[in-house]
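S.K.: So that you have it, the file is run.txt, and it contains compact mmCIF, N, CA and C atoms:
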# COMPACT_ATOMS: atom_id res chain seq x y z
N MET A 148 195.16 136.16 -54.44
CA MET A 148 193.95 136.29 -53.66
C MET A 148 193.25 137.59 -54.08
N SER A 149 191.99 137.47 -54.35
CA SER A 149 191.24 138.64 -54.80
C SER A 149 190.91 139.54 -53.61
N LEU A 150 190.50 140.75 -53.92
CA LEU A 150 190.14 141.72 -52.89
C LEU A 150 189.00 141.19 -52.01
N ILE A 151 188.01 140.56 -52.63
CA ILE A 151 186.87 140.03 -51.88
C ILE A 151 187.35 138.94 -50.91
N ASP A 152 188.26 138.08 -51.37
CA ASP A 152 188.79 137.02 -50.50
C ASP A 152 189.56 137.61 -49.33
N LYS A 153 190.33 138.67 -49.58
CA LYS A 153 191.08 139.33 -48.52
C LYS A 153 190.14 139.94 -47.49
N ILE A 154 189.07 140.55 -47.97
CA ILE A 154 188.08 141.16 -47.07
C ILE A 154 187.41 140.08 -46.23
N LYS A 155 187.02 138.97 -46.88
CA LYS A 155 186.39 137.86 -46.15
C LYS A 155 187.34 137.31 -45.08
N SER A 156 188.59 137.16 -45.45
CA SER A 156 189.59 136.64 -44.51
C SER A 156 189.76 137.60 -43.33
N GLY A 157 189.82 138.89 -43.61
CA GLY A 157 189.96 139.89 -42.55
C GLY A 157 188.76 139.92 -41.63
N VAL A 158 187.57 139.81 -42.20
CA VAL A 158 186.35 139.80 -41.39
C VAL A 158 186.30 138.55 -40.53
N SER A 159 186.69 137.43 -41.10
CA SER A 159 186.70 136.17 -40.36
C SER A 159 187.69 136.24 -39.19
N GLU A 160 188.87 136.77 -39.45
CA GLU A 160 189.89 136.90 -38.39
C GLU A 160 189.41 137.86 -37.31
N ALA A 161 188.79 138.96 -37.71
CA ALA A 161 188.28 139.93 -36.73
C ALA A 161 187.19 139.29 -35.88
N GLY A 162 186.33 138.49 -36.50
CA GLY A 162 185.28 137.81 -35.76
C GLY A 162 185.85 136.84 -34.75
N HIS A 163 186.89 136.12 -35.17
CA HIS A 163 187.55 135.16 -34.26
C HIS A 163 188.18 135.89 -33.07
N LYS A 164 188.87 137.00 -33.35
CA LYS A 164 189.49 137.77 -32.27
C LYS A 164 188.43 138.35 -31.33
N ALA A 165 187.30 138.78 -31.88
CA ALA A 165 186.22 139.31 -31.05
C ALA A 165 185.67 138.23 -30.12
N LYS A 166 185.53 137.00 -30.62
CA LYS A 166 185.06 135.91 -29.78
C LYS A 166 186.02 135.65 -28.63
N ILE A 167 187.31 135.72 -28.92
CA ILE A 167 188.32 135.51 -27.88
C ILE A 167 188.22 136.61 -26.83
N VAL A 168 188.09 137.86 -27.26
CA VAL A 168 187.99 138.98 -26.32
C VAL A 168 186.75 138.81 -25.43
N VAL A 169 185.63 138.40 -26.01
CA VAL A 169 184.41 138.20 -25.23
C VAL A 169 184.62 137.10 -24.20
N GLU A 170 185.23 135.98 -24.62
CA GLU A 170 185.47 134.87 -23.70
C GLU A 170 186.42 135.28 -22.58
N VAL A 171 187.49 135.99 -22.90
CA VAL A 171 188.45 136.45 -21.90
C VAL A 171 187.75 137.38 -20.90
N ASN A 172 186.96 138.32 -21.39
CA ASN A 172 186.25 139.24 -20.49
C ASN A 172 185.25 138.50 -19.61
N LYS A 173 184.59 137.49 -20.17
CA LYS A 173 183.65 136.68 -19.38
C LYS A 173 184.39 135.98 -18.24
N LEU A 174 185.54 135.40 -18.54
CA LEU A 174 186.33 134.72 -17.51
C LEU A 174 186.81 135.71 -16.45
N ARG A 175 187.20 136.90 -16.87
CA ARG A 175 187.65 137.92 -15.90
C ARG A 175 186.51 138.34 -14.97
N ILE A 176 185.31 138.48 -15.52
CA ILE A 176 184.14 138.84 -14.70
C ILE A 176 183.84 137.72 -13.71
N ILE A 177 183.94 136.47 -14.17
CA ILE A 177 183.73 135.33 -13.28
C ILE A 177 184.76 135.36 -12.14
N ASN A 178 186.01 135.68 -12.48
CA ASN A 178 187.05 135.73 -11.45
C ASN A 178 186.78 136.83 -10.43
N VAL A 179 186.29 137.97 -10.88
CA VAL A 179 185.96 139.06 -9.95
C VAL A 179 184.85 138.59 -9.00
N SER A 180 183.88 137.89 -9.53
CA SER A 180 182.78 137.37 -8.70
C SER A 180 183.31 136.36 -7.69
N LYS A 181 184.19 135.47 -8.14
CA LYS A 181 184.76 134.47 -7.24
C LYS A 181 185.62 135.13 -6.16
N GLN A 182 186.36 136.17 -6.52
CA GLN A 182 187.16 136.88 -5.53
C GLN A 182 186.26 137.56 -4.51
N SER A 183 185.11 138.07 -4.94
CA SER A 183 184.14 138.66 -4.00
C SER A 183 183.62 137.60 -3.02
N GLU A 184 183.38 136.39 -3.54
CA GLU A 184 182.95 135.30 -2.66
C GLU A 184 184.03 134.98 -1.63
N ILE A 185 185.29 134.97 -2.08
CA ILE A 185 186.41 134.71 -1.17
C ILE A 185 186.45 135.79 -0.09
N ASN A 186 186.32 137.04 -0.48
CA ASN A 186 186.34 138.14 0.50
C ASN A 186 185.19 138.00 1.49
N SER A 187 184.03 137.58 1.03
CA SER A 187 182.87 137.38 1.90
C SER A 187 183.15 136.25 2.89
N LEU A 188 183.80 135.18 2.42
CA LEU A 188 184.12 134.08 3.32
C LEU A 188 185.14 134.51 4.38
N TYR A 189 186.13 135.32 3.98
CA TYR A 189 187.09 135.84 4.96
C TYR A 189 186.37 136.71 5.99
N LYS A 190 185.40 137.47 5.54
CA LYS A 190 184.62 138.31 6.46
C LYS A 190 183.85 137.43 7.45
N GLN A 191 183.26 136.33 6.94
CA GLN A 191 182.54 135.40 7.83
C GLN A 191 183.48 134.81 8.88
N ILE A 192 184.69 134.46 8.45
CA ILE A 192 185.67 133.91 9.39
C ILE A 192 186.00 134.96 10.45
N GLY A 193 186.21 136.19 10.04
CA GLY A 193 186.51 137.27 10.98
C GLY A 193 185.39 137.49 11.98
N GLU A 194 184.15 137.42 11.50
CA GLU A 194 183.00 137.59 12.40
C GLU A 194 182.93 136.45 13.41
N LYS A 195 183.21 135.22 12.95
CA LYS A 195 183.22 134.08 13.87
C LYS A 195 184.30 134.25 14.93
N VAL A 196 185.49 134.66 14.49
CA VAL A 196 186.59 134.86 15.44
C VAL A 196 186.19 135.89 16.48
N SER A 197 185.60 136.99 16.03
CA SER A 197 185.18 138.04 16.95
C SER A 197 184.16 137.52 17.96
N GLN A 198 183.18 136.75 17.49
CA GLN A 198 182.16 136.19 18.39
C GLN A 198 182.79 135.23 19.40
N PHE A 199 183.70 134.37 18.93
CA PHE A 199 184.31 133.40 19.83
C PHE A 199 185.19 134.09 20.86
N VAL A 200 185.89 135.12 20.46
CA VAL A 200 186.74 135.86 21.40
C VAL A 200 185.86 136.55 22.44
N ASP A 201 184.77 137.17 21.98
CA ASP A 201 183.86 137.84 22.91
C ASP A 201 183.26 136.87 23.92
N GLN A 202 183.04 135.62 23.50
CA GLN A 202 182.42 134.62 24.36
C GLN A 202 183.46 133.73 25.06
N ASN A 203 184.74 134.09 24.92
CA ASN A 203 185.84 133.31 25.52
C ASN A 203 185.83 131.85 25.10
N ILE A 204 185.48 131.60 23.86
CA ILE A 204 185.51 130.23 23.30
C ILE A 204 186.85 130.05 22.61
N SER A 205 187.49 128.91 22.86
CA SER A 205 188.80 128.68 22.25
C SER A 205 188.64 128.48 20.74
N LEU A 206 189.59 129.02 20.01
CA LEU A 206 189.55 128.95 18.55
C LEU A 206 190.23 127.68 18.07
N GLU A 207 189.52 126.92 17.26
CA GLU A 207 190.08 125.71 16.68
C GLU A 207 189.92 125.79 15.17
N PRO A 208 190.91 125.33 14.42
CA PRO A 208 190.83 125.39 12.95
C PRO A 208 189.60 124.69 12.38
N SER A 209 189.12 123.67 13.08
CA SER A 209 187.96 122.93 12.57
C SER A 209 186.71 123.81 12.51
N LEU A 210 186.69 124.88 13.31
CA LEU A 210 185.53 125.78 13.31
C LEU A 210 185.41 126.55 11.98
N PHE A 211 186.52 126.62 11.24
CA PHE A 211 186.55 127.38 9.99
C PHE A 211 186.79 126.49 8.77
N ALA A 212 186.73 125.18 8.96
CA ALA A 212 187.07 124.23 7.89
C ALA A 212 186.21 124.42 6.65
N SER A 213 184.93 124.63 6.85
CA SER A 213 184.01 124.78 5.72
C SER A 213 184.37 126.00 4.87
N GLU A 214 184.57 127.14 5.55
CA GLU A 214 184.92 128.37 4.83
C GLU A 214 186.27 128.24 4.13
N LEU A 215 187.25 127.66 4.83
CA LEU A 215 188.59 127.51 4.25
C LEU A 215 188.57 126.58 3.04
N GLU A 216 187.76 125.52 3.12
CA GLU A 216 187.64 124.61 1.98
C GLU A 216 187.02 125.33 0.77
N GLN A 217 185.98 126.12 1.03
CA GLN A 217 185.35 126.88 -0.06
C GLN A 217 186.34 127.87 -0.67
N ILE A 218 187.15 128.51 0.17
CA ILE A 218 188.15 129.47 -0.32
C ILE A 218 189.16 128.76 -1.22
N ASP A 219 189.63 127.58 -0.78
CA ASP A 219 190.58 126.82 -1.60
C ASP A 219 189.99 126.45 -2.95
N ILE A 220 188.74 126.04 -2.96
CA ILE A 220 188.08 125.67 -4.22
C ILE A 220 187.96 126.89 -5.13
N LEU A 221 187.54 128.02 -4.58
CA LEU A 221 187.40 129.24 -5.37
C LEU A 221 188.75 129.71 -5.92
N LYS A 222 189.80 129.63 -5.10
CA LYS A 222 191.13 130.02 -5.58
C LYS A 222 191.59 129.11 -6.72
N PHE A 223 191.32 127.82 -6.61
CA PHE A 223 191.67 126.89 -7.67
C PHE A 223 190.90 127.23 -8.95
N GLU A 224 189.62 127.52 -8.82
CA GLU A 224 188.81 127.87 -9.99
C GLU A 224 189.33 129.15 -10.65
N ILE A 225 189.74 130.12 -9.85
CA ILE A 225 190.31 131.36 -10.39
C ILE A 225 191.60 131.04 -11.15
N GLU A 226 192.46 130.21 -10.57
CA GLU A 226 193.70 129.82 -11.25
C GLU A 226 193.42 129.14 -12.59
N GLN A 227 192.42 128.27 -12.60
CA GLN A 227 192.06 127.58 -13.85
C GLN A 227 191.56 128.57 -14.89
N ASN A 228 190.77 129.55 -14.47
CA ASN A 228 190.29 130.57 -15.40
C ASN A 228 191.45 131.40 -15.94
N ILE A 229 192.41 131.71 -15.08
CA ILE A 229 193.59 132.47 -15.53
C ILE A 229 194.36 131.67 -16.57
N LEU A 230 194.53 130.37 -16.33
CA LEU A 230 195.21 129.52 -17.31
C LEU A 230 194.44 129.51 -18.63
N GLN A 231 193.13 129.44 -18.55
CA GLN A 231 192.31 129.44 -19.76
C GLN A 231 192.46 130.78 -20.50
N ILE A 232 192.53 131.87 -19.77
CA ILE A 232 192.74 133.18 -20.39
C ILE A 232 194.08 133.20 -21.11
N HIS A 233 195.12 132.69 -20.46
CA HIS A 233 196.44 132.63 -21.09
C HIS A 233 196.40 131.78 -22.35
N ASN A 234 195.69 130.65 -22.29
CA ASN A 234 195.59 129.79 -23.47
C ASN A 234 194.85 130.50 -24.61
N LEU A 235 193.80 131.20 -24.28
CA LEU A 235 193.04 131.93 -25.31
C LEU A 235 193.90 133.02 -25.96
N ASN A 236 194.75 133.66 -25.15
CA ASN A 236 195.60 134.73 -25.65
C ASN A 236 196.96 134.25 -26.13
N ASP A 237 197.16 132.92 -26.15
CA ASP A 237 198.46 132.35 -26.51
C ASP A 237 199.57 132.96 -25.65
N GLU A 238 199.36 132.97 -24.34
CA GLU A 238 200.31 133.53 -23.39
C GLU A 238 200.63 132.51 -22.31
N LYS A 239 201.73 132.76 -21.62
CA LYS A 239 202.04 132.02 -20.41
C LYS A 239 202.57 133.01 -19.39
N SER A 240 202.40 132.65 -18.13
CA SER A 240 202.80 133.53 -17.04
C SER A 240 204.14 133.10 -16.48
N CYS A 241 204.99 134.07 -16.18
CA CYS A 241 206.30 133.79 -15.60
C CYS A 241 206.12 133.26 -14.18
N PRO A 242 206.74 132.13 -13.83
CA PRO A 242 206.59 131.61 -12.47
C PRO A 242 207.30 132.47 -11.42
N HIS A 243 208.20 133.36 -11.85
CA HIS A 243 208.94 134.19 -10.90
C HIS A 243 208.27 135.53 -10.64
N CYS A 244 207.94 136.27 -11.72
CA CYS A 244 207.39 137.62 -11.54
C CYS A 244 205.93 137.74 -11.99
N HIS A 245 205.37 136.66 -12.55
CA HIS A 245 203.96 136.58 -12.99
C HIS A 245 203.63 137.50 -14.16
N HIS A 246 204.65 137.93 -14.91
CA HIS A 246 204.43 138.74 -16.11
C HIS A 246 203.89 137.85 -17.22
N ASP A 247 202.95 138.38 -18.03
CA ASP A 247 202.41 137.63 -19.16
C ASP A 247 203.38 137.71 -20.33
N ASN A 248 203.67 136.54 -20.92
CA ASN A 248 204.62 136.44 -22.03
C ASN A 248 203.99 135.66 -23.17
N ALA A 249 204.56 135.82 -24.36
CA ALA A 249 204.11 135.03 -25.51
C ALA A 249 204.31 133.55 -25.20
N PHE A 250 203.41 132.72 -25.72
CA PHE A 250 203.43 131.30 -25.42
C PHE A 250 204.75 130.64 -25.81
N ASP A 251 205.37 131.08 -26.90
CA ASP A 251 206.59 130.44 -27.38
C ASP A 251 207.87 131.09 -26.84
N ALA A 252 207.75 132.01 -25.88
CA ALA A 252 208.93 132.68 -25.32
C ALA A 252 209.78 131.68 -24.54
N ARG A 253 211.09 131.85 -24.63
CA ARG A 253 212.01 130.97 -23.90
C ARG A 253 212.39 131.56 -22.54
N GLU A 254 212.21 132.87 -22.41
CA GLU A 254 212.47 133.53 -21.13
C GLU A 254 211.48 134.67 -20.95
N CYS A 255 211.35 135.10 -19.71
CA CYS A 255 210.42 136.18 -19.38
C CYS A 255 210.92 137.50 -19.96
N ALA A 256 210.02 138.25 -20.56
CA ALA A 256 210.37 139.54 -21.14
C ALA A 256 210.67 140.59 -20.06
N GLN A 257 210.16 140.37 -18.85
CA GLN A 257 210.37 141.35 -17.79
C GLN A 257 211.58 141.02 -16.92
N CYS A 258 211.64 139.81 -16.37
CA CYS A 258 212.73 139.48 -15.43
C CYS A 258 213.81 138.60 -16.05
N HIS A 259 213.60 138.16 -17.27
CA HIS A 259 214.54 137.34 -18.05
C HIS A 259 214.82 135.97 -17.45
N ALA A 260 213.94 135.52 -16.57
CA ALA A 260 214.09 134.16 -16.04
C ALA A 260 213.73 133.16 -17.14
N PRO A 261 214.52 132.10 -17.28
CA PRO A 261 214.20 131.12 -18.32
C PRO A 261 212.96 130.30 -17.95
N PHE A 262 212.18 129.95 -18.95
CA PHE A 262 211.03 129.08 -18.73
C PHE A 262 211.50 127.64 -18.73
N PRO A 263 210.96 126.82 -17.82
CA PRO A 263 211.37 125.42 -17.80
C PRO A 263 210.95 124.70 -19.07
N ILE A 264 211.75 123.77 -19.48
CA ILE A 264 211.44 122.95 -20.66
C ILE A 264 210.95 121.61 -20.14
N HIS A 265 209.76 121.21 -20.56
CA HIS A 265 209.16 119.97 -20.11
C HIS A 265 209.25 118.93 -21.21
N ASP A 266 209.77 117.75 -20.89
CA ASP A 266 209.76 116.65 -21.83
C ASP A 266 208.36 116.05 -21.85
N ILE A 267 207.82 115.89 -23.03
CA ILE A 267 206.51 115.30 -23.18
C ILE A 267 206.69 113.88 -23.69
N PRO A 268 206.16 112.89 -22.97
CA PRO A 268 206.34 111.52 -23.41
C PRO A 268 205.62 111.26 -24.72
N ASN A 269 206.17 110.39 -25.51
CA ASN A 269 205.53 109.96 -26.75
C ASN A 269 204.54 108.87 -26.44
N ILE A 270 203.47 108.81 -27.22
CA ILE A 270 202.48 107.75 -27.06
C ILE A 270 202.40 107.01 -28.38
N GLU A 271 202.64 105.72 -28.32
CA GLU A 271 202.51 104.89 -29.51
C GLU A 271 201.20 104.12 -29.39
N ILE A 272 200.37 104.22 -30.41
CA ILE A 272 199.07 103.57 -30.40
C ILE A 272 199.07 102.46 -31.44
N SER A 273 198.64 101.26 -31.01
CA SER A 273 198.53 100.14 -31.94
C SER A 273 197.48 99.18 -31.43
N ASN A 274 196.61 98.75 -32.29
CA ASN A 274 195.59 97.73 -32.00
C ASN A 274 195.02 97.78 -30.58
N ASN A 275 194.25 98.79 -30.29
CA ASN A 275 193.53 98.95 -29.02
C ASN A 275 194.41 99.07 -27.79
N SER A 276 195.68 99.42 -27.95
CA SER A 276 196.52 99.65 -26.79
C SER A 276 197.39 100.86 -27.05
N ALA A 277 197.78 101.51 -25.97
CA ALA A 277 198.65 102.67 -26.08
C ALA A 277 199.84 102.45 -25.17
N GLU A 278 201.02 102.74 -25.68
CA GLU A 278 202.23 102.59 -24.89
C GLU A 278 202.87 103.96 -24.71
N LEU A 279 203.15 104.28 -23.45
CA LEU A 279 203.79 105.55 -23.13
C LEU A 279 205.29 105.37 -23.19
N ILE A 280 205.97 106.15 -23.99
CA ILE A 280 207.41 106.08 -24.11
C ILE A 280 207.98 107.35 -23.49
N ASP A 281 208.64 107.23 -22.36
CA ASP A 281 209.21 108.38 -21.67
C ASP A 281 210.60 108.65 -22.23
N PRO A 282 210.88 109.90 -22.65
CA PRO A 282 212.20 110.20 -23.21
C PRO A 282 213.33 110.01 -22.21
N ASN A 283 213.02 110.05 -20.91
CA ASN A 283 214.03 109.86 -19.88
C ASN A 283 214.04 108.45 -19.32
N ASN A 284 213.25 107.57 -19.94
CA ASN A 284 213.13 106.17 -19.51
C ASN A 284 212.66 106.02 -18.07
N LYS A 285 211.88 106.98 -17.59
CA LYS A 285 211.35 106.90 -16.24
C LYS A 285 210.00 106.19 -16.23
N LEU A 286 209.31 106.25 -17.35
CA LEU A 286 208.00 105.60 -17.47
C LEU A 286 208.08 104.55 -18.55
N ASP A 287 207.30 103.54 -18.41
CA ASP A 287 207.15 102.55 -19.48
C ASP A 287 205.91 101.74 -19.16
N LYS A 288 204.74 102.33 -19.37
CA LYS A 288 203.49 101.72 -18.98
C LYS A 288 202.65 101.40 -20.20
N LYS A 289 201.78 100.43 -20.06
CA LYS A 289 200.78 100.15 -21.09
C LYS A 289 199.43 100.46 -20.49
N GLU A 290 198.58 101.09 -21.32
CA GLU A 290 197.25 101.44 -20.83
C GLU A 290 196.22 100.69 -21.62
What do you get writing this file as structure tokens?
M.R.:
Amino acid sequence: MSLIDKIKSGVSEAGHKAKIVVEVNKLRIINVSKQSEINSLYKQIGEKVSQFVDQNISLEPSLFASELEQIDILKFEIEQNILQIHNLNDEKSCPHCHHDNAFDARECAQCHAPFPIHDIPNIEISNNSAELIDPNNKLDKKE
């Protein structure tokens, strides 16, 4: 490989890494915004509770259903963004201590808990049909 080719390859790799960093930072900023929305919704719930207590109105969960539903949606969106960040960085999070680890790690670098191994079913495709072959023989469907 010539020097020019090496330089081109290095520049290309640096550009790719820069795009990943920009995307990761964008997702983190989105998550901060979503967390602010969640905090605002919790504040609204607190204000409602205070008003109802002051007016001697009984508190029922249905009074907060809208806010709680929005909070659940925002939390789910944050989790999805975190997963996308891990995918962009070729990382996975430990289910026990939430430490970020390399995607191909077999155990957590911090707490040494083993990562679960998931069997992925094989899909055989032939003439407009797909057959799912489960390695544990639990599935056997045609789609």
S.K.: Using 3 Å of padding on each side, determine the axis-aligned box around all atoms of stretch 209-226 of chain A present in the file and give its centre and edge lengths in Å to one decimal, as JSON.
M.R.:
{"center_x": 188.9, "center_y": 127.1, "center_z": 0.4, "size_x": 15.7, "size_y": 14.4, "size_z": 31.9}
S.K.: Using DSSP on the backbone coordinates, identify all residues within stretch 150-262 of chain A classified as helix (DSSP H, G or I); present the result as number ranges by chain.
M.R.: A: 150-201, 208-235
S.K.: Calculate how many Å separate atom C of A:Cys255 from atom N of A:Cys241, rounding to one decimal.
M.R.: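 Interatomic distance here is 7.8 Å.
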S.K.: Would you pick out the contacts of stretch 202-211 of chain A at 12 Å or less, using only C-alpha atoms, so that residues sharing its chain but fewer than 3 positions from it are not included, and give the list as a ChimeraX atom specification?
M.R.: /A:188-199,214-218
S.K.: So how far away is atom CA of A:Lys239 from atom CA of A:Ala260, in Å?
M.R.: 13.0 Å
S.K.: Quick one: residues within 8 Å of A:Arg253, only N, CA and C atoms counted, chain neighbours fewer than 4 positions away excluded, as a list of chain:residue names?
M.R.: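 So, after excluding close chain neighbours, the residues are A:Ala249, A:His259, A:Ala260, A:Pro261, A:Phe262, A:Pro263.
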S.K.: A:Asp201, A:Gln227, A:Lys153, A:Leu221: which is nearest A:Glu184, counting only N, CA and C atoms?
M.R.: A:Leu221
S.K.: How far is it from atom CA of A:His233 to atom CA of A:Val158, in Å with one decimal?
M.R.: 23.8 Å
S.K.: From the options A:Asp247, A:Glu170, A:Asp152, A:Asp219, which residue's atoms come nearest to A:Leu235, counting all atoms listed in the file?
M.R.: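 Among the listed residues, A:Glu170 lies closest to A:Leu235.
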S.K.: So, counting only N, CA and C atoms, which residue among A:Val171, A:Ala212, A:Val200, A:Cys258 is closest to A:Asn236?
M.R.: A:Val171
S.K.: Between A:Ser159, A:Ser187, A:Gln231, A:Ser213, which is the closest to A:Asn172 once you count only C-alpha atoms?
M.R.: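 That would be A:Gln231, the residue with the smallest distance to A:Asn172.
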